[in-house]
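Structure, as structure tokens:
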2 protein chains.
Amino acid sequence: MKKVGVAILGLGVVGGGTYRILTGHRDFYRKAHGLDLTVECVLERNAARAVELGIDKSKICSNIAEICSNPEVDIVVEVIGGVEPAKTFVLAALNAGKSVVTSNKELYCKYSYELEKAAKKNNCGLFYEASCVGGVPVIRTLLDNLQGNKILSMTGIINGTTNYILTKMSDEGASYGDVMKEAQKLGYAEADPTADVEGYDAAYKLSILSSLAFHTKIPFTAVYREGITGVDCTDLANGKRLGYALKLLAVGKNKGDGIEVRVHPAFISSNHPLAGVKDSYNAVYITGDSVEDVMLYGRGAGALPTGSAIVGDIIYCATHDNFNYSPFENTKDADPATKFICNFKSAYYIRLTASDKAGVLSKVTAALGKHGISVSQLVQDENRNGEFVSLILITHETREKDVDKAVEEINLSGIAEVAAVYRVVA
Amino acid sequence: MKKVGVAILGLGVVGGGTYRILTGHRDFYRKAHGLDLTVECVLERNAARAVELGIDKSKICSNIAEICSNPEVDIVVEVIGGVEPAKTFVLAALNAGKSVVTSNKELYCKYSYELEKAAKKNNCGLFYEASCVGGVPVIRTLLDNLQGNKILSMTGIINGTTNYILTKMSDEGASYGDVMKEAQKLGYAEADPTADVEGYDAAYKLSILSSLAFHTKIPFTAVYREGITGVDCTDLANGKRLGYALKLLAVGKNKGDGIEVRVHPAFISSNHPLAGVKDSYNAVYITGDSVEDVMLYGRGAGALPTGSAIVGDIIYCATHDNFNYSPFENTKDADPATKFICNFKSAYYIRLTASDKAGVLSKVTAALGKHGISVSQLVQDENRNGEFVSLILITHETREKDVDKAVEEINLSGIAEVAAVYRVVA
């Protein structure tokens with residue numbers, strides 16, 4: 001029986017879940033893998049958390065050095081979150097020859113080049129399946145299964161909080177503010193929800209996933225990012241009527257002439273498998289040149305789903321001698337040869353408010369046409385509000401900057417007022 | 001640069017796709033993995049196939065011994081299909097110290113215990129991601145990502161041909177016979193479609209997947225199997241009206257008191273993510289005690305998607321020293337301690353034809369009630385056919401054998417005639 005000692009740094013939601021999975025399944029892992037996985041020690045300032053989990057006080061360490069010098073610890077699980085002190089602790093563990101399993105997307109996104117260097121130097125494993133999309137097996141799929149492919153694109157719903165909020169707004173016609181309050185009460189959103197609702201969390205994940213997918217470093221700073229705080233339920237309802245669902249999408253594309261990486265709310269056709277991904281579920285839809293389309297769907301967060309990814313990594317680490325470092329040169333910044341496309345192509349949903357007079361429509365379409373934008377669908381809202389009318393246009397595929405220019409021109413000209421613009425994907 | 005030589009046995013659809021991926025991506029693999037993957041030789045009786053792919057005649061071998069004795073060959077890809085000569089060839093390759101990558105579900109399902117024994121003895125890899133669900137990364141997900149879990153259930157649409165046929169029948173209201181003729185013309189169904197439409201193909205895959213999921217040998221013979229040849233488009237239309245899609249489902253459950261493994265057509269709620277899996281797409285929906293629900297979706301067949309899985313295995317094999325043999329004792333038959341449940345529980349859809357007389361309904365529900373079956377939904381078809389009426393019942397969850405008895409009793413008593421019975425899942 002191979003004995004493998006684990007240390008857990010941080011006993012928050014994910015740390016607690018990981019502890020419960022490891023201890024609850026100990027006999028199962030002994031039988032299935034011949035592995036005796038034990039939690040040797042934990043690092044947690046709030047001792048009450050450890051006691052609540054039934055952890056003996058003798059196992060609570062007060063500093064990382066104790067863990068690093070403990071010969072019984074083989075694998076260190078970092079589930080503290082944020083950059084510091086997580087970074088210092090992970091580097092210390094690696095330099096002490098311990099393999100590391102982390103769920104920390106911000107840390108891995110920003111400093112993987114440093115962490116991986118330390119892991120390689122010390123011949124240790126560095127695993128991070130849990131950093132992206134909880135229990136959904138997307139990292140290993142990119143690292144192992146899809147290596148035969150050139151990945152062409154990746155579209156993901158990779159933040160549970162925003163997907164919960166947008167689903168509720170769409171289903172109940174409720175406002176962003178009301179749904180957010182409820183989400184905070186239920187624990188689905190943090191007291192300060194900025195990282196989720198402004199798209200930072202999704203952008204960290206997209207940086208990690210797209211680097212793996214496109215075999216080149218995609219730093220966080222290369223990801224275009226827009227959140228959901230401005231979403232109006234009017235547009236969710238309009239989209240639904242036209243056959244679209246509004247989602248916070250993480251989009252990565254590599255079509256040969258450059259790489260696009262962006263996080264923003266967007267409409268997606270209700271026939272697309274991603275449109276059915278509701279509430280706090282997450283999914284990543286990957287298109288490769290050989291595999292065609294693959295979608296991976298599941299719980300993107302939560303104690304046990306994320307703990308499942310961590311324990312999967314622990315068992316992998318304990319049963320493999322090869323550690324799958326990044327299949328690209330993992331540097332701080334992007335390779336200077338990597339070209340990023342900002343002025344990308346998309347279809348657009350444009351909602352305008354205009355005075356209810358003959359000729360307005362032709363002026364609007366003329367202004368769009370001037371910038372090479374053609375309209376594929378046009379709906380006039382039947383609920384007229386006095387002398388104003390609401391128009392919804394869906395454009396054919398066009399360049400982002402042309403839309404920006406056309407919108408500015410329409411607003412300045414006084415023909416109509418652009419109330420909302422969303423990209424339409426697929 | 002690590003040089004890895006590949007031999008391909010069989011240049012049918014999947015063999016050809018694998019060859020095209022390997023040769024088309026050679027530079028990409030050199031750059032991304034430092035691997036020089038070359039196709040050293042092929043075994044194919046139909047030389048025209050090799051020539052068509054641009055393979056030099058000097059690389060076409062006439063027997064397996066040539067490949068086994070070729071020191072340039074490290075990995076043998078078996079894509080012949082069927083048991084013989086594939087089994088003899090794979091055993092020869094393993095005994096010659098070559099690792100094997102196979103897409104052969106029948107061979108792996110029936111003889112993995114023998115093949116794995118040979119692989120272990122010779123310290124070779126034996127990879128079979130391509131044997132189940134084409135490009136969808138389900139084997140590695142079970143082997144690596146979900147190892148932290150006890151898998152509770154697995155429901156899959158794992159045969160493309162039958163899913164294509166059922167989707168067409170449902171969308172177009174066409175008969176099984178007409179859609180089958182079209183599918184054969186388009187190459188979606190074989191000239192002899194028995195293996196697909198009678199559920200053998202799905203049962204081979206379920207045997208492989210459920211063994212991995214439940215950590216115990218589930219032989220093919222333990223899988224209950226029923227095909228789709230008797231499906232009537234009347235029932236597809238009725239189901240749709242009631243909010244269900246009819247799919248050929250592969251179901252595996254392990255709820256502690258025994259294992260259920262079965263392949264049969266069944267209704268699934270149209271809200272379930274599997275209901276949206278259409279045409280030749282496949283998906284596997286897995287529930288683990290930690291990860292909760294995960295769904296893996298994609299192309300379950302085809303030259304390039306299946307080739308993608310094979311090349312993923314080749315690269316894994318070339319870059320790893322550990323080969324992930326089965327995480328259970330891989331024997332010919334099931335462990336005598338494994339209990340299989342045949343008289344499983346499910347909800348049922350029952351369509352009856354009865355004379356349009358008062359009192360029939362109460363007699364039918366009484367006959368069901370006698371066997372402990374209660375009705376959750378009842379619909380009477382509005383299109384009365386002379387003096388007969390069509391009744392559709394959806395039952396609450398009940399035991400399979402009680403339904404069988406009730407159906408027999410109703411038919412014998414002359415109250416009504418049971419025209420169709422389908423299980424209703426989820």
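Chain labels run A, B, ... following the order of the structure tokens; each chain numbers its residues from 1, and ligands are numbered from 1 in the order shown.
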Write out as a PyMOL selection string each polymer residue whose atoms come within 10 Å of range 218-226 of chain B, counting only C-alpha atoms; drop sequence neighbours fewer than 6 positions from it.
-> chain B and resi 106+109-111+197-200+202-212+248-252+259-265+330-335+338+340-342
Give one line per residue of chain B that approaches chain A to at most 6 Å, naming the two atoms of the closest pair and their distance in Å to one decimal, counting only C-alpha atoms; sort by chain then ascending residue number and deliver it as JSON lines.
{"residue": "B:Ala32", "atom": "CA", "partner": "A:Pro327", "partner_atom": "CA", "distance": 5.8}
{"residue": "B:Gly135", "atom": "CA", "partner": "A:Val291", "partner_atom": "CA", "distance": 5.4}
{"residue": "B:Asn145", "atom": "CA", "partner": "A:Gly312", "partner_atom": "CA", "distance": 4.8}
{"residue": "B:Leu146", "atom": "CA", "partner": "A:Gly312", "partner_atom": "CA", "distance": 5.8}
{"residue": "B:Gln147", "atom": "CA", "partner": "A:Gly312", "partner_atom": "CA", "distance": 5.3}
{"residue": "B:Gly148", "atom": "CA", "partner": "A:Gly312", "partner_atom": "CA", "distance": 5.1}
{"residue": "B:Ser290", "atom": "CA", "partner": "A:Leu304", "partner_atom": "CA", "distance": 4.8}
{"residue": "B:Val291", "atom": "CA", "partner": "A:Pro305", "partner_atom": "CA", "distance": 3.9}
{"residue": "B:Asp293", "atom": "CA", "partner": "A:Gly298", "partner_atom": "CA", "distance": 5.5}
{"residue": "B:Val294", "atom": "CA", "partner": "A:Gly298", "partner_atom": "CA", "distance": 4.3}
{"residue": "B:Met295", "atom": "CA", "partner": "A:Tyr297", "partner_atom": "CA", "distance": 4.9}
{"residue": "B:Leu296", "atom": "CA", "partner": "A:Leu296", "partner_atom": "CA", "distance": 4.8}
{"residue": "B:Tyr297", "atom": "CA", "partner": "A:Met295", "partner_atom": "CA", "distance": 4.9}
{"residue": "B:Gly298", "atom": "CA", "partner": "A:Val294", "partner_atom": "CA", "distance": 4.3}
{"residue": "B:Leu304", "atom": "CA", "partner": "A:Ser290", "partner_atom": "CA", "distance": 4.8}
{"residue": "B:Pro305", "atom": "CA", "partner": "A:Val291", "partner_atom": "CA", "distance": 3.9}
{"residue": "B:Ser308", "atom": "CA", "partner": "A:Val291", "partner_atom": "CA", "distance": 5.3}
{"residue": "B:Val311", "atom": "CA", "partner": "A:Gly148", "partner_atom": "CA", "distance": 5.1}
{"residue": "B:Gly312", "atom": "CA", "partner": "A:Asn145", "partner_atom": "CA", "distance": 4.8}
{"residue": "B:His320", "atom": "CA", "partner": "A:Asn322", "partner_atom": "CA", "distance": 5.7}
{"residue": "B:Asn322", "atom": "CA", "partner": "A:His320", "partner_atom": "CA", "distance": 5.8}
{"residue": "B:Pro327", "atom": "CA", "partner": "A:Ala32", "partner_atom": "CA", "distance": 5.8}
Output file for the residues above (C-alpha atoms, as a PDB file, in the first residue's frame):
ATOM      1  CA  ALA B  32       4.195  21.437 -29.105  1.00  0.00           C
ATOM      2  CA  GLY B 135     -13.881  12.134 -29.757  1.00  0.00           C
ATOM      3  CA  ASN B 145     -10.584  13.189 -13.321  1.00  0.00           C
ATOM      4  CA  LEU B 146     -13.349  11.417 -11.459  1.00  0.00           C
ATOM      5  CA  GLN B 147     -11.210   9.057  -9.387  1.00  0.00           C
ATOM      6  CA  GLY B 148     -12.067  11.027  -6.273  1.00  0.00           C
ATOM      7  CA  SER B 290     -18.624  14.535  -5.093  1.00  0.00           C
ATOM      8  CA  VAL B 291     -18.644  16.043  -8.577  1.00  0.00           C
ATOM      9  CA  ASP B 293     -23.424  16.010 -12.488  1.00  0.00           C
ATOM     10  CA  VAL B 294     -21.013  16.114 -15.393  1.00  0.00           C
ATOM     11  CA  MET B 295     -21.949  15.781 -19.058  1.00  0.00           C
ATOM     12  CA  LEU B 296     -19.481  15.095 -21.862  1.00  0.00           C
ATOM     13  CA  TYR B 297     -20.857  15.804 -25.328  1.00  0.00           C
ATOM     14  CA  GLY B 298     -19.545  15.552 -28.864  1.00  0.00           C
ATOM     15  CA  LEU B 304     -11.522  12.670 -37.577  1.00  0.00           C
ATOM     16  CA  PRO B 305     -13.335  12.735 -34.195  1.00  0.00           C
ATOM     17  CA  SER B 308      -8.629  12.625 -32.535  1.00  0.00           C
ATOM     18  CA  VAL B 311      -3.952  10.486 -31.618  1.00  0.00           C
ATOM     19  CA  GLY B 312      -4.660  11.834 -28.106  1.00  0.00           C
ATOM     20  CA  HIS B 320       3.833   9.204 -20.043  1.00  0.00           C
ATOM     21  CA  ASN B 322       2.380   5.215 -16.460  1.00  0.00           C
ATOM     22  CA  PRO B 327      -8.688   0.381 -11.615  1.00  0.00           C
TER      23      PRO B 327
END
Please run DSSP on the backbone and report, as a short mmCIF file (atom, residue, chain, number, x, y, z; two decimals) with N, CA, C and O atoms, in the first residue's frame, all residues within range 200-300 of chain A that come out as alpha helix (DSSP H).
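After the write, out-v8.cif holds the following:
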data_model
loop_
_atom_site.label_atom_id
_atom_site.label_comp_id
_atom_site.auth_asym_id
_atom_site.auth_seq_id
_atom_site.Cartn_x
_atom_site.Cartn_y
_atom_site.Cartn_z
N TYR A 200 -13.78 39.29 -14.02
CA TYR A 200 -12.37 38.98 -13.70
C TYR A 200 -12.17 37.48 -13.55
O TYR A 200 -11.23 36.90 -14.09
N ASP A 201 -13.07 36.85 -12.78
CA ASP A 201 -12.96 35.41 -12.54
C ASP A 201 -12.96 34.64 -13.86
O ASP A 201 -12.11 33.77 -14.09
N ALA A 202 -13.88 34.99 -14.75
CA ALA A 202 -13.95 34.30 -16.05
C ALA A 202 -12.70 34.59 -16.87
O ALA A 202 -12.20 33.73 -17.61
N ALA A 203 -12.18 35.82 -16.76
CA ALA A 203 -11.00 36.18 -17.54
C ALA A 203 -9.75 35.43 -17.06
O ALA A 203 -8.92 35.01 -17.87
N TYR A 204 -9.61 35.22 -15.74
CA TYR A 204 -8.50 34.40 -15.24
C TYR A 204 -8.57 33.00 -15.86
O TYR A 204 -7.59 32.44 -16.33
N LYS A 205 -9.78 32.44 -15.81
CA LYS A 205 -9.96 31.07 -16.33
C LYS A 205 -9.69 31.02 -17.83
O LYS A 205 -9.07 30.10 -18.33
N LEU A 206 -10.20 32.02 -18.55
CA LEU A 206 -10.00 32.02 -20.00
C LEU A 206 -8.52 32.14 -20.34
O LEU A 206 -8.04 31.52 -21.29
N SER A 207 -7.80 32.93 -19.56
CA SER A 207 -6.35 33.05 -19.78
C SER A 207 -5.68 31.68 -19.63
O SER A 207 -4.88 31.27 -20.47
N ILE A 208 -6.05 30.95 -18.58
CA ILE A 208 -5.46 29.61 -18.34
C ILE A 208 -5.86 28.64 -19.46
O ILE A 208 -5.03 27.97 -20.07
N LEU A 209 -7.16 28.59 -19.75
CA LEU A 209 -7.66 27.60 -20.72
C LEU A 209 -7.20 27.90 -22.13
O LEU A 209 -6.85 26.98 -22.88
N SER A 210 -7.20 29.17 -22.51
CA SER A 210 -6.82 29.48 -23.90
C SER A 210 -5.32 29.29 -24.10
O SER A 210 -4.89 28.93 -25.20
N SER A 211 -4.51 29.49 -23.07
CA SER A 211 -3.08 29.21 -23.21
C SER A 211 -2.88 27.72 -23.52
O SER A 211 -2.10 27.36 -24.42
N LEU A 212 -3.61 26.87 -22.79
CA LEU A 212 -3.50 25.42 -23.05
C LEU A 212 -4.05 25.07 -24.43
O LEU A 212 -3.47 24.26 -25.15
N ALA A 213 -5.16 25.69 -24.78
CA ALA A 213 -5.82 25.34 -26.05
C ALA A 213 -4.98 25.77 -27.24
O ALA A 213 -4.86 25.03 -28.22
N PHE A 214 -4.41 26.98 -27.16
CA PHE A 214 -3.74 27.53 -28.33
C PHE A 214 -2.22 27.37 -28.27
O PHE A 214 -1.50 27.89 -29.12
N CYS A 233 -33.17 43.67 -17.98
CA CYS A 233 -33.98 42.49 -18.28
C CYS A 233 -34.84 42.67 -19.54
O CYS A 233 -35.30 41.69 -20.12
N THR A 234 -35.00 43.90 -19.98
CA THR A 234 -35.66 44.15 -21.27
C THR A 234 -34.95 43.39 -22.39
O THR A 234 -35.59 42.78 -23.26
N ASP A 235 -33.62 43.46 -22.36
CA ASP A 235 -32.86 42.82 -23.44
C ASP A 235 -32.89 41.30 -23.33
O ASP A 235 -32.91 40.60 -24.33
N LEU A 236 -32.91 40.80 -22.10
CA LEU A 236 -33.06 39.35 -21.91
C LEU A 236 -34.37 38.88 -22.52
O LEU A 236 -34.43 37.86 -23.21
N ALA A 237 -35.44 39.65 -22.27
CA ALA A 237 -36.76 39.29 -22.79
C ALA A 237 -36.81 39.40 -24.31
O ALA A 237 -37.35 38.53 -24.99
N ASN A 238 -36.24 40.48 -24.83
CA ASN A 238 -36.21 40.64 -26.29
C ASN A 238 -35.45 39.49 -26.94
O ASN A 238 -35.88 38.94 -27.95
N GLY A 239 -34.30 39.16 -26.36
CA GLY A 239 -33.47 38.10 -26.91
C GLY A 239 -34.24 36.78 -26.94
O GLY A 239 -34.25 36.07 -27.93
N LYS A 240 -34.91 36.50 -25.83
CA LYS A 240 -35.67 35.26 -25.72
C LYS A 240 -36.69 35.17 -26.85
O LYS A 240 -36.86 34.13 -27.49
N ARG A 241 -37.39 36.30 -27.10
CA ARG A 241 -38.41 36.33 -28.16
C ARG A 241 -37.81 36.05 -29.53
O ARG A 241 -38.45 35.49 -30.41
N LEU A 242 -36.56 36.49 -29.70
CA LEU A 242 -35.90 36.31 -31.00
C LEU A 242 -35.13 34.98 -31.09
O LEU A 242 -34.49 34.69 -32.10
#
Closest of A:Ala337, A:Ile64, A:Ala245, A:Leu352 to Asp257 in chain A - atom-to-atom distances counting only C-alpha atoms =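 Looking only at the distances to Asp257 in chain A, the closest residue turns out to be A:Ala337.
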Computed interatomic separation between CA of Ala130 in chain B and CA of Leu9 in chain B (Å) =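 The value is 14.5 Å.
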Could you pull the residues within 12 Å of range 82-93 of chain A, counting only C-alpha atoms, minus those fewer than 6 positions along the same chain, as a ChimeraX atom specification?
-> /A:6-10,43,63-71,73-76,99-122,124-127,131,195,201,204
For Lys345 in chain A, list every protein, DNA or RNA residue within 7 Å, evaluated using only C-alpha atoms, and leave out those in the same chain fewer than 2 positions away; present the list as a list of chain:residue names.
-> A:Asn343, A:Glu397, A:Thr398, A:Arg399, A:Glu400
Strand (DSSP E) per DSSP on the backbone: members of range 118-334 of chain A, as a PyMOL selection string = chain A and resi 126-127+151-157+224-225+244-254+259-269+281-288+292-299
Shell of 10 Å around Lys57 in chain A, only C-alpha atoms, local chain residues under 6 positions omitted, as a ChimeraX atom specification | /A:41-42,47,50-51
Distance CA of Gly12 in chain B-CA of Asn46 in chain B, one decimal place?
-> 9.6 Å
Could you check how far CA of Lys168 in chain A sits from CA of Asp279 in chain A, in Å to one decimal?
->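 Distance reported for this atom pair: 7.4 Å.
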Using only C-alpha atoms, which residues sit within 8 Å of Ile394 in chain A once same-chain residues fewer than 4 positions away are excluded, as a compact mmCIF listing (two decimals) with N, CA and C atoms, in the first residue's frame?
# COMPACT_ATOMS: atom_id res chain seq x y z
N ALA A 347 -21.77 39.09 -34.96
CA ALA A 347 -23.08 39.70 -35.22
C ALA A 347 -23.43 40.52 -33.98
N TYR A 348 -24.33 41.45 -34.11
CA TYR A 348 -24.68 42.33 -33.00
C TYR A 348 -26.19 42.47 -32.85
N TYR A 349 -26.61 42.62 -31.60
CA TYR A 349 -27.98 42.97 -31.24
C TYR A 349 -27.92 44.43 -30.84
N ILE A 350 -28.74 45.27 -31.47
CA ILE A 350 -28.75 46.70 -31.15
C ILE A 350 -30.19 47.11 -30.84
N VAL A 375 -28.33 44.44 -41.90
CA VAL A 375 -29.25 43.98 -40.88
C VAL A 375 -29.84 42.64 -41.29
N SER A 376 -29.83 41.67 -40.39
CA SER A 376 -30.40 40.37 -40.75
C SER A 376 -31.80 40.21 -40.18
N GLN A 377 -32.12 40.97 -39.14
CA GLN A 377 -33.42 40.82 -38.50
C GLN A 377 -33.79 42.14 -37.84
N LEU A 378 -35.04 42.52 -37.93
CA LEU A 378 -35.48 43.78 -37.33
C LEU A 378 -36.83 43.58 -36.68
With a distance cut-off of 6 Å and only C-alpha atoms, select the neighbouring residues of range 266-268 of chain B, excluding the residue or stretch itself and same-chain residues fewer than 3 positions from it, and output the selection as a PyMOL selection string.
-> chain B and resi 244-247+422-425
